Structure formats: structure tokens, C-alpha cells
Amino acid sequence: MENIVSGFQSLRNVDLKNEILAGLTVAMTMIPESLSFAILAGLSPLTGLYAAFLMGIVTAVFGGRPGMVSGGAGATVVVLIALASSHGVQYLFGAVILAGIIQILVGTFKLGKFVRLIPQPVMYGFLNGLAVIIFMAQVAQFKTVKDGINTWMSGSALMIMIGLTVLTIVIVLSFRKITKAVPSSLVAIIIVSALVYFFNIDTKKVLDIASVSGSLPSFHLPEIPFSIETLKIIFPYSLVMAGVGLIESLLTLNMVDEITGTKGKSNQEAVAQGVANITNGFFGGMGGCAMVAQTLVNIGAGAKTRISAIIGALTILLIILAGGSVIEQIPMAALVGVMMMVAITTFEWASFRIITKMPKSDIFVGVLVAIITVVLHNLALAVLIGVVISALVFSWDSAKRIRARKSIDEMGNKVYEIYGPLFFGSTTAFTDKFDIASDPKSILIDFKESRIVDMSAIEALKKIIEKYKAQDKQVVLKHLSPDCIKLLDNASGFIEVNIQEDPTYRVMPK
């Protein structure tokens, strides 16, 4: 209720046109994915569309991150394929409900904050691997069914599909330079669809995947025995689905935090994801989580509030009820082109520019997470392995809670004496120590009792320095040990620091 009230209060400051157009674009890109994932799991296509609508509307209203989009994501559906094939769709609905309950418990007991301990190299690897998966999923659309066999397109059909896809990408890139008032992705979909329609071009369309027409989702209890035996069957799947869904959702939340410079509420999002999955189980949806690609489309289109995600969800419902025949005529090439652009923008190209400046352990973790994500399509396992390896690498240094003693020296400088190592687990607490708005023009950060350990620490320090610089304030680092100075020197070009040399300072022997 609080989210709804605050949404109405801030409505007058919202660019409603941008929100509506972003929501429409999100709906257009979500439909083929939802259909594909449902068919992959051996479910009715409408099961995927119901998930897109139910996940989208519930998390948009009650979630902890405005601008984030949820739907029937493949990461969670893949977990349930074996259950659906061996025990039937009703057991799948039961597992989705139980997964939702687990997610609500995680949010209620405020366990979502632990996702913020994921190191920056793991985030790089996760996003890079996910970008590859998104791109390869679009390449798979260049297949067609002949005589009941799924084969690659050839001849004129392949040339037309490639041509329309390239045209879509060109329109997205070109229109983006002309104006940002209208989402370039939506313009590209409309133009390419119009060309196919008016010139009667024979090419693969949404209709060739499945029909998208249906009725309102209706309430029903899963037709499974309410017993310990049933719980034993569905609990392992529910636990994994809940974990995968929360990891992908909260990583997406962190990603949007970085892009927008704001902070979402991880525990509130965990509860909203749980409520959405429970709703799916009772109304015939396959469940899901946050969708990185669609979220990037939404944010890239200029959406900043919950309105766009609500519009996107309602658009999907409207399409199910009345607009199926129109959507079914959209050429798949247009959607493939849009999603390929999303994959390109999802990839962290900056990770290549700074790879030589990162510690070798961080490079190893980032590459490993990306490989596991691509090869196994198991986002939860990839992130877990990345975090464990990072923790082992830095296990020699005790993970003390970082502290800061604040004072004003005789020159009127604000001095922050840092205690405890600055590493991926302490960057958030480190950032919270600084009072950027109220501090004087000159700030000294004393690392006599601290160490700058990893890439996440450098990233946090860079952000602090940039925030002070934005307010014409100078940050000086003092009492840095030689290894810290070397680490910052290696990262020169990525971070520029002002180091105060003190000839009387000596590092204590280890």
C-alpha cells in the first residue's frame, strides 16, 4: 500500500509518455521469451504468458526496486523441467508455491542483504555470461521446423531473417541518436512489422512459435496430494528455484542501483518475488523472477518508476484477451534484433578495459563465473562458486567489520581514520561512513590501520572520490602501505588518487 501511495504522490513529476512507451516495449520483448520458455518446459504457451503478467504486476506494485521487470524467466523454469516431465504440471504449480513461501521467509528474516556481498568480478562474470546466453538464445530463432525436425534456415528465408534483424539493429542504433523521447526498440519493432505487413514478406513470426490468445487466469488449487511424500518430491526443486530466482532478482536489483544511482530494497523485493510466485502457482503460471534483459530495455527506454512495469504487465494481459492476432503477426526478426542489442548493452565491455589493472584472482573469478553461466545456464551455481573462491582468496585477512574514527585536524580538514580491511565485504559499510554533503572542502582518509584489498575496494574508493569531486571537494589518501600504493598504481586510468607521502610513517611488520 505504501508503494502505491508514494507512486501516486510522485506521479506529477513523472514523464508518463516515457513510462507508457517503455512498458509497451518491455511487453513486446517479453512475449517471445515467455512463450519459448514455456514450450521448452513442455507447458502450455499460455502458462508462460500468465507468468509474465502475474510476476510483472505483483512485483511492479509491491517490489523493492522501481524500474525492475519480472516475468517467466528461463533461469527458474529450467529448474522445474525435470519435475514437470516426471510428475506433471500440477506438481510444478505446487513447487512454485513452495518456492514463493521460501522467498517470503528470506525477505522476512532480512537475508536478502547478503547478496550485496557479491564481489564486483562476480558481477562482471554474471553479466557477461548472461549477455552471451541472451545472444545465443536469439541465434536459435534462426531455426525452423521442417517435417517435424528443427533445422537451421537456409536460402531466401535465412537471408530475409538476417536482413530484417540487421535492419532492426540499425534502426535501434540510429533512432537512439535522433531522439530519446520514444524508445528506439519500440520504433524498430513497429517499422519492421509494417514493412513485413505492407510488402507481404514471408518470414518467421510470433504465430510460428505459438498462439497467444486466451482468457483471464483463474484460481485453482494444484491437484496434488497434500502429504509428506509430495513435500519430499517438490521441496528440492522449490529450494533451488527460490535460490536461483532470488539471486537473479537481487543481482538485477543491484545492477539497476548502479545504473540509476539509487538504492533498492532487497528484502522487500524478496517478499514481492515470493508473493508473485505463490500467485503464479494458484493461477496457472509457471513462476519466474526478475528478467535482466527486459529490465535493461525498460531502464534504457527512460523508465524510472513502477508505472512502466505495470503497463508492461497489463499490456501482456490485454494481448492474451484481445490482441493476440496482432502480436502473432510481429516478425521474429524484429524481436531478435532488439534482444541482440540488449545482449550487447548487457555485456560489461569495461571489464576488458580494466582487466590488466585488476588483481589476478579477480580476473580468474570473473572469467570462471562467465564460463559456468554460459555452459551450465546455472546462474545460482556460477555466482556461488565465484563468491566462495573470492572468499577463499582473501581468507588470510580476517573479515573485521570496518570502522571509521572521524575528527577535524588543525588545518580544518575532515579526517577519516579507517580500521579494518577494505574489501568486497566491507565496501558498503565503508561508503556509509562518509558525510559527503556536510564535509569541508578537504578530506583526509587515513589507511594506517586499514588495507585496500581488491577491485571492489578500488571501485568503492573511486565512487567516493568522484562524489566528493562533484561537490568541488578534494580527497587525500594517507598512510597507504606499499602494496596498496602498487594496487592503485596498477589501476591508474581507472582511478586517480591524491596520495599524501609521510616520510616518518613506517608499516608495521606482519
# chains A, B, ... in the order shown; residues from 1 in each chain; ligands from 1
call {"tool": "closest_atom_pairs", "arguments": {"of": "stretch 127-160 of chain A", "to": "stretch 281-305 of chain A", "cutoff": "9 Å", "atoms": "only C-alpha atoms", "output": "JSON lines"}}
result
{"residue": "A:Leu127", "atom": "CA", "partner": "A:Val292", "partner_atom": "CA", "distance": 8.9}
{"residue": "A:Leu130", "atom": "CA", "partner": "A:Val292", "partner_atom": "CA", "distance": 8.5}
{"residue": "A:Ala131", "atom": "CA", "partner": "A:Ala293", "partner_atom": "CA", "distance": 8.4}
{"residue": "A:Ile134", "atom": "CA", "partner": "A:Ala293", "partner_atom": "CA", "distance": 7.7}
call {"tool": "residues_around", "arguments": {"residues": "stretch 86-103 of chain A", "least_positions_apart": "2", "cutoff": "6 Å", "atoms": "only C-alpha atoms", "output": "PDB file with N, CA and C atoms, in the first residue's frame"}}
result
ATOM      1  N   LEU A  83      10.896 -31.867 -13.050  1.00  0.00           N
ATOM      2  CA  LEU A  83       9.719 -32.116 -12.218  1.00  0.00           C
ATOM      3  C   LEU A  83       8.461 -32.207 -13.058  1.00  0.00           C
ATOM      4  N   ALA A  84       8.306 -31.283 -14.013  1.00  0.00           N
ATOM      5  CA  ALA A  84       7.107 -31.272 -14.856  1.00  0.00           C
ATOM      6  C   ALA A  84       7.039 -32.511 -15.742  1.00  0.00           C
ATOM      7  N   LEU A 105      10.072 -15.992   3.302  1.00  0.00           N
ATOM      8  CA  LEU A 105      10.815 -16.186   4.554  1.00  0.00           C
ATOM      9  C   LEU A 105      12.186 -15.509   4.486  1.00  0.00           C
ATOM     10  N   VAL A 106      12.844 -15.611   3.335  1.00  0.00           N
ATOM     11  CA  VAL A 106      14.156 -14.967   3.166  1.00  0.00           C
ATOM     12  C   VAL A 106      14.021 -13.457   3.347  1.00  0.00           C
ATOM     13  N   PRO A 222      -3.551 -26.577  -6.814  1.00  0.00           N
ATOM     14  CA  PRO A 222      -2.831 -27.640  -7.536  1.00  0.00           C
ATOM     15  C   PRO A 222      -3.390 -29.010  -7.170  1.00  0.00           C
ATOM     16  N   GLU A 223      -3.638 -29.823  -8.160  1.00  0.00           N
ATOM     17  CA  GLU A 223      -4.242 -31.136  -7.944  1.00  0.00           C
ATOM     18  C   GLU A 223      -3.159 -32.156  -7.601  1.00  0.00           C
ATOM     19  N   ILE A 234       8.657 -32.218  -4.139  1.00  0.00           N
ATOM     20  CA  ILE A 234       8.748 -30.855  -4.661  1.00  0.00           C
ATOM     21  C   ILE A 234       9.748 -29.967  -3.917  1.00  0.00           C
ATOM     22  N   SER A 238      11.797 -26.727  -5.276  1.00  0.00           N
ATOM     23  CA  SER A 238      11.378 -25.418  -4.763  1.00  0.00           C
ATOM     24  C   SER A 238      12.543 -24.650  -4.166  1.00  0.00           C
ATOM     25  N   ALA A 242      13.816 -21.186  -5.639  1.00  0.00           N
ATOM     26  CA  ALA A 242      13.802 -19.993  -4.787  1.00  0.00           C
ATOM     27  C   ALA A 242      15.175 -19.334  -4.769  1.00  0.00           C
ATOM     28  N   ALA A 270      12.522  -9.501  -2.203  1.00  0.00           N
ATOM     29  CA  ALA A 270      12.444 -10.946  -1.963  1.00  0.00           C
ATOM     30  C   ALA A 270      11.018 -11.358  -1.592  1.00  0.00           C
ATOM     31  N   GLY A 274       8.336 -13.664  -3.776  1.00  0.00           N
ATOM     32  CA  GLY A 274       7.638 -14.804  -3.186  1.00  0.00           C
ATOM     33  C   GLY A 274       6.137 -14.725  -3.378  1.00  0.00           C
ATOM     34  N   ASN A 277       5.269 -15.532  -6.975  1.00  0.00           N
ATOM     35  CA  ASN A 277       5.342 -16.956  -7.315  1.00  0.00           C
ATOM     36  C   ASN A 277       4.190 -17.746  -6.713  1.00  0.00           C
ATOM     37  N   ILE A 278       3.790 -17.388  -5.491  1.00  0.00           N
ATOM     38  CA  ILE A 278       2.620 -18.047  -4.901  1.00  0.00           C
ATOM     39  C   ILE A 278       1.383 -17.778  -5.758  1.00  0.00           C
ATOM     40  N   GLY A 281       1.411 -19.995  -8.796  1.00  0.00           N
ATOM     41  CA  GLY A 281       1.037 -21.378  -8.536  1.00  0.00           C
ATOM     42  C   GLY A 281      -0.459 -21.587  -8.436  1.00  0.00           C
ATOM     43  N   GLY A 287       5.692 -19.431 -12.873  1.00  0.00           N
ATOM     44  CA  GLY A 287       6.603 -18.792 -11.927  1.00  0.00           C
ATOM     45  C   GLY A 287       7.750 -18.098 -12.642  1.00  0.00           C
TER      46      GLY A 287
END
call {"tool": "residues_around", "arguments": {"residues": "A:Gly56", "least_positions_apart": "3", "cutoff": "10 Å", "atoms": "only C-alpha atoms", "output": "list of chain:residue names"}}
result
A:Ala27, A:Tyr50, A:Ala51, A:Ala52, A:Phe53, A:Thr59, A:Ala60, A:Val61, A:Gly63, A:Met68, A:Val69, A:Ser70, A:Gly71, A:Gly72, A:Gln273, A:Ala276, A:Gly288, A:Cys289, A:Ala290, A:Met291, A:Ala309, A:Ile310, A:Ile311, A:Gly312, A:Ala313, A:Leu314, A:Ile316
call {"tool": "write_last_selection", "arguments": {"atoms": "N, CA and C atoms", "output": "mmCIF file, in the first residue's frame"}}
result
data_model
loop_
_atom_site.group_PDB
_atom_site.id
_atom_site.type_symbol
_atom_site.label_atom_id
_atom_site.label_comp_id
_atom_site.auth_asym_id
_atom_site.auth_seq_id
_atom_site.Cartn_x
_atom_site.Cartn_y
_atom_site.Cartn_z
ATOM 1 N N ALA A 27 6.795 -5.280 -22.936
ATOM 2 C CA ALA A 27 5.809 -6.324 -23.234
ATOM 3 C C ALA A 27 6.138 -7.024 -24.545
ATOM 4 N N TYR A 50 0.876 -16.174 -18.706
ATOM 5 C CA TYR A 50 0.297 -15.896 -17.386
ATOM 6 C C TYR A 50 1.407 -15.540 -16.387
ATOM 7 N N ALA A 51 2.535 -16.257 -16.472
ATOM 8 C CA ALA A 51 3.653 -15.961 -15.576
ATOM 9 C C ALA A 51 4.187 -14.558 -15.823
ATOM 10 N N ALA A 52 4.287 -14.180 -17.101
ATOM 11 C CA ALA A 52 4.784 -12.838 -17.441
ATOM 12 C C ALA A 52 3.874 -11.764 -16.851
ATOM 13 N N PHE A 53 2.556 -11.972 -16.952
ATOM 14 C CA PHE A 53 1.609 -10.993 -16.420
ATOM 15 C C PHE A 53 1.608 -10.975 -14.894
ATOM 16 N N THR A 59 5.156 -7.821 -8.717
ATOM 17 C CA THR A 59 6.443 -7.230 -8.327
ATOM 18 C C THR A 59 6.515 -5.748 -8.656
ATOM 19 N N ALA A 60 5.797 -5.315 -9.697
ATOM 20 C CA ALA A 60 5.788 -3.888 -10.033
ATOM 21 C C ALA A 60 5.134 -3.077 -8.921
ATOM 22 N N VAL A 61 4.076 -3.611 -8.338
ATOM 23 C CA VAL A 61 3.328 -2.892 -7.301
ATOM 24 C C VAL A 61 3.999 -3.012 -5.935
ATOM 25 N N GLY A 63 7.187 -4.631 -5.230
ATOM 26 C CA GLY A 63 8.620 -4.894 -5.199
ATOM 27 C C GLY A 63 9.434 -3.772 -4.591
ATOM 28 N N MET A 68 12.403 -2.172 -12.271
ATOM 29 C CA MET A 68 12.787 -3.563 -12.492
ATOM 30 C C MET A 68 11.592 -4.340 -13.038
ATOM 31 N N VAL A 69 11.871 -5.288 -13.930
ATOM 32 C CA VAL A 69 10.815 -6.064 -14.587
ATOM 33 C C VAL A 69 10.992 -7.540 -14.258
ATOM 34 N N SER A 70 9.911 -8.196 -13.872
ATOM 35 C CA SER A 70 9.930 -9.632 -13.589
ATOM 36 C C SER A 70 8.983 -10.361 -14.522
ATOM 37 N N GLY A 71 9.259 -11.620 -14.755
ATOM 38 C CA GLY A 71 8.399 -12.421 -15.627
ATOM 39 C C GLY A 71 8.767 -13.885 -15.545
ATOM 40 N N GLY A 72 8.286 -14.665 -16.499
ATOM 41 C CA GLY A 72 8.567 -16.092 -16.533
ATOM 42 C C GLY A 72 9.970 -16.347 -17.070
ATOM 43 N N GLN A 273 8.803 -11.103 -4.731
ATOM 44 C CA GLN A 273 9.033 -12.241 -5.620
ATOM 45 C C GLN A 273 8.303 -13.479 -5.096
ATOM 46 N N ALA A 276 4.561 -13.123 -5.690
ATOM 47 C CA ALA A 276 4.284 -13.302 -7.115
ATOM 48 C C ALA A 276 4.319 -14.771 -7.509
ATOM 49 N N GLY A 288 8.597 -17.430 -11.869
ATOM 50 C CA GLY A 288 9.709 -16.725 -12.501
ATOM 51 C C GLY A 288 10.474 -15.862 -11.519
ATOM 52 N N CYS A 289 11.117 -14.836 -12.049
ATOM 53 C CA CYS A 289 11.929 -13.924 -11.238
ATOM 54 C C CYS A 289 12.184 -12.673 -12.068
ATOM 55 N N ALA A 290 13.088 -11.830 -11.612
ATOM 56 C CA ALA A 290 13.437 -10.636 -12.374
ATOM 57 C C ALA A 290 14.115 -11.034 -13.677
ATOM 58 N N MET A 291 13.899 -10.240 -14.718
ATOM 59 C CA MET A 291 14.463 -10.518 -16.037
ATOM 60 C C MET A 291 15.445 -9.401 -16.383
ATOM 61 N N ALA A 309 6.514 -0.927 -15.606
ATOM 62 C CA ALA A 309 6.371 -2.375 -15.395
ATOM 63 C C ALA A 309 4.894 -2.762 -15.293
ATOM 64 N N ILE A 310 4.082 -1.899 -14.665
ATOM 65 C CA ILE A 310 2.645 -2.161 -14.585
ATOM 66 C C ILE A 310 2.027 -2.127 -15.973
ATOM 67 N N ILE A 311 2.408 -1.123 -16.775
ATOM 68 C CA ILE A 311 1.909 -1.015 -18.147
ATOM 69 C C ILE A 311 2.306 -2.250 -18.948
ATOM 70 N N GLY A 312 3.553 -2.691 -18.785
ATOM 71 C CA GLY A 312 4.005 -3.877 -19.498
ATOM 72 C C GLY A 312 3.196 -5.109 -19.145
ATOM 73 N N ALA A 313 2.929 -5.312 -17.855
ATOM 74 C CA ALA A 313 2.150 -6.473 -17.412
ATOM 75 C C ALA A 313 0.716 -6.402 -17.928
ATOM 76 N N LEU A 314 0.098 -5.228 -17.835
ATOM 77 C CA LEU A 314 -1.284 -5.069 -18.307
ATOM 78 C C LEU A 314 -1.369 -5.230 -19.822
ATOM 79 N N ILE A 316 0.483 -7.249 -21.591
ATOM 80 C CA ILE A 316 0.502 -8.701 -21.841
ATOM 81 C C ILE A 316 -0.874 -9.308 -21.596
#
call {"tool": "select_by_dssp", "arguments": {"residues": "stretch 258-498 of chain A", "states": "strand (DSSP E)", "output": "number ranges by chain"}}
result
A: 289-290, 403-408, 414-419, 442-449, 474-478
call {"tool": "select_by_dssp", "arguments": {"residues": "stretch 132-353 of chain A", "states": "helix (DSSP H, G or I)", "output": "PyMOL selection string"}}
result
chain A and resi 132-142+155-178+184-198+206-208+228-260+266-283+292-300+307-327+332-346+350-353
call {"tool": "closest_residue", "arguments": {"among": "A:Val206, A:Met241, A:Val338, A:Leu317", "to": "A:Leu167", "atoms": "only C-alpha atoms"}}
result
A:Val338
call {"tool": "closest_residue", "arguments": {"among": "A:Val336, A:Ile81, A:Ala140, A:Val122", "to": "A:Tyr237", "atoms": "only C-alpha atoms"}}
result
A:Ile81
call {"tool": "closest_residue", "arguments": {"among": "A:Ile495, A:Phe219, A:Gly64, A:Val212", "to": "A:Gly48", "atoms": "only C-alpha atoms"}}
result
A:Val212
call {"tool": "residues_around", "arguments": {"residues": "A:Val388", "least_positions_apart": "2", "cutoff": "12 Å", "atoms": "only C-alpha atoms", "output": "JSON, numbers by chain"}}
result
{"A": [117, 118, 119, 122, 365, 368, 369, 381, 382, 383, 384, 385, 386, 390, 391, 392, 393, 394, 395]}
call {"tool": "write_last_selection", "arguments": {"atoms": "C-alpha atoms", "output": "PDB file, in the first residue's frame"}}
result
ATOM      1  CA  LEU A 117      28.403  -9.222  -0.529  1.00  0.00           C
ATOM      2  CA  ILE A 118      28.887 -10.463  -4.093  1.00  0.00           C
ATOM      3  CA  PRO A 119      32.230  -9.098  -5.389  1.00  0.00           C
ATOM      4  CA  VAL A 122      31.469 -11.939  -9.936  1.00  0.00           C
ATOM      5  CA  VAL A 365      36.764 -15.319 -10.707  1.00  0.00           C
ATOM      6  CA  LEU A 368      35.054 -18.578 -14.321  1.00  0.00           C
ATOM      7  CA  VAL A 369      31.618 -17.184 -13.422  1.00  0.00           C
ATOM      8  CA  LEU A 381      25.876 -22.158  -9.154  1.00  0.00           C
ATOM      9  CA  ALA A 382      28.036 -19.693 -11.095  1.00  0.00           C
ATOM     10  CA  VAL A 383      27.563 -16.936  -8.535  1.00  0.00           C
ATOM     11  CA  LEU A 384      28.021 -19.306  -5.600  1.00  0.00           C
ATOM     12  CA  ILE A 385      31.317 -20.636  -6.942  1.00  0.00           C
ATOM     13  CA  GLY A 386      32.520 -17.096  -7.633  1.00  0.00           C
ATOM     14  CA  SER A 390      36.729 -14.901  -3.703  1.00  0.00           C
ATOM     15  CA  ALA A 391      36.252 -15.643  -0.022  1.00  0.00           C
ATOM     16  CA  LEU A 392      38.996 -18.281  -0.057  1.00  0.00           C
ATOM     17  CA  VAL A 393      41.440 -15.970  -1.834  1.00  0.00           C
ATOM     18  CA  PHE A 394      41.024 -13.358   0.855  1.00  0.00           C
ATOM     19  CA  SER A 395      40.567 -15.729   3.803  1.00  0.00           C
TER      20      SER A 395
END
call {"tool": "atom_distance", "arguments": {"atom1": "atom CA of A:Leu16", "atom2": "atom CA of A:Val182"}}
result
11.6 Å
call {"tool": "atom_distance", "arguments": {"atom1": "atom CA of A:Phe235", "atom2": "atom CA of A:Val79"}}
result
12.1 Å
call {"tool": "atom_distance", "arguments": {"atom1": "atom CA of A:Val374", "atom2": "atom CA of A:Gly129"}}
result
5.3 Å
call {"tool": "closest_residue", "arguments": {"among": "A:Ala429, A:Ala334, A:Leu111, A:Leu207", "to": "A:Lys265", "atoms": "only C-alpha atoms"}}
result
A:Leu111
call {"tool": "closest_residue", "arguments": {"among": "A:Met161, A:Ile389, A:Ile149, A:Ile458", "to": "A:Ile201", "atoms": "only C-alpha atoms"}}
result
A:Met161
call {"tool": "closest_residue", "arguments": {"among": "A:Ile169, A:Ile443, A:Ala460, A:Leu487", "to": "A:Gln474", "atoms": "only C-alpha atoms"}}
result
A:Ile443
call {"tool": "residues_around", "arguments": {"residues": "A:Leu461", "least_positions_apart": "5", "cutoff": "10 Å", "atoms": "only C-alpha atoms", "output": "ChimeraX atom specification"}}
result
/A:422,427,430-431,452,455-456,466-467,495-497
call {"tool": "residues_around", "arguments": {"residues": "A:Ile418", "least_positions_apart": "6", "cutoff": "8 Å", "atoms": "only C-alpha atoms", "output": "ChimeraX atom specification"}}
result
/A:402-405,445-450
call {"tool": "write_last_selection", "arguments": {"atoms": "C-alpha atoms", "output": "PDB file, in the first residue's frame"}}
result
ATOM      1  CA  ILE A 402      35.232  -1.814   9.054  1.00  0.00           C
ATOM      2  CA  ARG A 403      35.157   1.281  11.281  1.00  0.00           C
ATOM      3  CA  ALA A 404      35.996   4.949  10.861  1.00  0.00           C
ATOM      4  CA  ARG A 405      37.126   7.432  13.504  1.00  0.00           C
ATOM      5  CA  ILE A 445      41.308   9.252   4.520  1.00  0.00           C
ATOM      6  CA  ASP A 446      43.872   7.601   6.800  1.00  0.00           C
ATOM      7  CA  PHE A 447      44.653   3.957   5.981  1.00  0.00           C
ATOM      8  CA  LYS A 448      47.202   3.474   8.775  1.00  0.00           C
ATOM      9  CA  GLU A 449      45.049   0.715  10.294  1.00  0.00           C
ATOM     10  CA  SER A 450      43.494  -0.487   7.043  1.00  0.00           C
TER      11      SER A 450
END
